Amino acid sequence: MTFLDLFGPTLLKNGPPRTDIVIDQEAHKASYDWNTVTCDRCDQHIVGPRYCCDDNSNFDLCGACYPHAEDLKPGCTFTEVPIPEKHVPLRKDEVSTTDTLTGKSVFVYFSAHWCPPCRGFTPMLAEYYNHHHESKNFEVVFVSSDQDDDAFDEYFGEMPWLALPYIDRECKEALSKKYNVSGIPSLVLLDDKGEVINANARSKIAQDPEAANFPYVPKTFRQILGNHFINNTGDTIGSTELKGKVLMLYFSASWCGPCHSFTPLLIEAYNAAKAKGHEFELIFITGDRSKEDFDTYFAKMPWYAVPFEASKSVYDDLGEMYDVNGIPHLVILGPNQGPIRPIINKDAVSTVSGDVSAENFPWPPASVICLMVFLRVDFFCHGLDADALTAHVNELKQLSTEFQAGTVCKGD
């Protein structure tokens with residue numbers, strides 16, 4: 001059995017428009033669904049004609065409420081938003097899976113028409129496909145999560161690539177399970193033997209529309225981080241100075257309000273750990289959009305940083321490696337063991353915030369953290385008086401002891 005068997009013996013390919021169907025455009029426009037747009041007068045989901053205020057693009061009226069436009073927005077004009085025509089469905093031709101995929105890299109595209117991020121990404125992928133699929137020798141197979149065959153037909157009609165037949169739900173489930181897909185849109189890139197090259201190829205398409213870095217073989221940690229780091233006084237170090245030490249990666253940016261709250265705490269913790277003689281380095285990886293912003297923000301920091309010129313790719317690639325979905329984000333890694341660094345704490349912001357004196361360096365995950373430090377999520381117990389709060393914390397400590405035996409919790 002080869003990986004091609006996962007797709008079944010045949011796939012679908014769009015052919016010419018069907019000649020047995022005539023579209024009633026007036027009926028289509030009368031029933032056109034504007035998805036999440038609601039009428040600002042009746043607060044109902046807009047279906048059919050939609051009128052948008054020329055002075056306020058966020059003010060919409062449905063056809064029934066449009067006659068009241070002058071009362072609602074005196075002196076303002078409204079324009080009817082064009083409804084796209086419904087195209088005649090394309091003929092779906094069956095093609096041999098083996099003939100179309102053998103010897104090619106394959107993007108497996110898990111998507112659905114009802115998913116707004118999918119609809120946003122599909123045109124980008126289509127442009128990428130049309131420009132590069134022949135020269136880069138790859139194919140795309142659409143695996144639908146649409147709710148019915150009609151929705152699948154309409155959505156697939158926008159696509160220039162192949163699709164798994166909608167009726168084959170067993171293959172769809174097998175592919176989702178095989179490639180650990182739990183959400184959409186998801187784009188998994190396979191080599192011509194079916195081995196995963198990149199499980200998050202969607203981000204690569206967005207970052208590399210010219211396909212310069214295809215086929216997106218993931219880089220190693222060392223390759224991503226680089227070998228040149230600077231501090232704010234002009235000194236530099238290389239990767240050799242990081243060997244044998246705990247390594248911290250700080251994802252942050254000057255435009256981020258929570259980062260401005262956390263950075264002073266991190267500086268205090270950093271200085272305390274250095275004063276205690278701990279062997280470690282901290283590397284700042286900026287999300288700033290200009291060198292001027294980076295320089296101003298970095299001037300306050302006592303540690304090293306990836307140079308601004310290299311920071312974008314390092315931020316994207318290490319952010320993907322360590323699931324950085326927001327900032328501030330602090331990853332703590334143990335001393336390197338050959339090419340591998342063990343993860344001590346994948347997100348240490350709360351842990352460090354609650355221990356700026358570095359008593360628990362290198363800050364492994366705490367079983368109880370202070371929810372009132374830095375992030376305002378203290379609503380869990382804000383109504384308790386001092387005695388009740390103390391009792392509540394003691395209960396949490398007891399729970400942590402029972403469920404995470406061996407973890408020391410001081411609860412400071």
# chains A, B, ... in the order shown; residues from 1 in each chain; ligands from 1

call {"tool": "closest_atom_pairs", "arguments": {"of": "range 222-244 of chain A", "to": "range 266-285 of chain A", "cutoff": "9 Å", "atoms": "only C-alpha atoms", "output": "Markdown table"}}
result
| residue | atom | partner | partner_atom | distance |
| --- | --- | --- | --- | --- |
| A:Phe229 | CA | A:Ile283 | CA | 7.8 |
| A:Glu241 | CA | A:Glu281 | CA | 8.7 |
| A:Leu242 | CA | A:Glu281 | CA | 6.7 |
| A:Gly244 | CA | A:Glu279 | CA | 8.2 |

call {"tool": "select_by_dssp", "arguments": {"residues": "range 32-192 of chain A", "states": "helix (DSSP H, G or I)", "output": "ChimeraX atom specification"}}
result
/A:66-72,97-101,116-132,149-156,169-178

call {"tool": "closest_residue", "arguments": {"among": "A:Asp24, A:Glu309, A:Asp40, A:Glu85", "to": "Cys62 in chain A", "atoms": "only C-alpha atoms"}}
result
A:Asp40

call {"tool": "residues_around", "arguments": {"residues": "Ile230 in chain A", "least_positions_apart": "4", "cutoff": "10 Å", "atoms": "only C-alpha atoms", "output": "MDAnalysis selection string"}}
result
chainID A and resid 234:238 283:284 303:308

call {"tool": "residues_around", "arguments": {"residues": "range 89-94 of chain A", "least_positions_apart": "6", "cutoff": "8 Å", "atoms": "only C-alpha atoms", "output": "PyMOL selection string"}}
result
chain A and resi 10-18+21+153-154+157

call {"tool": "residues_around", "arguments": {"residues": "His132 in chain A", "least_positions_apart": "6", "cutoff": "9 Å", "atoms": "only C-alpha atoms", "output": "list in words"}}
result
Phe138, Glu210 and Ala211 of chain A
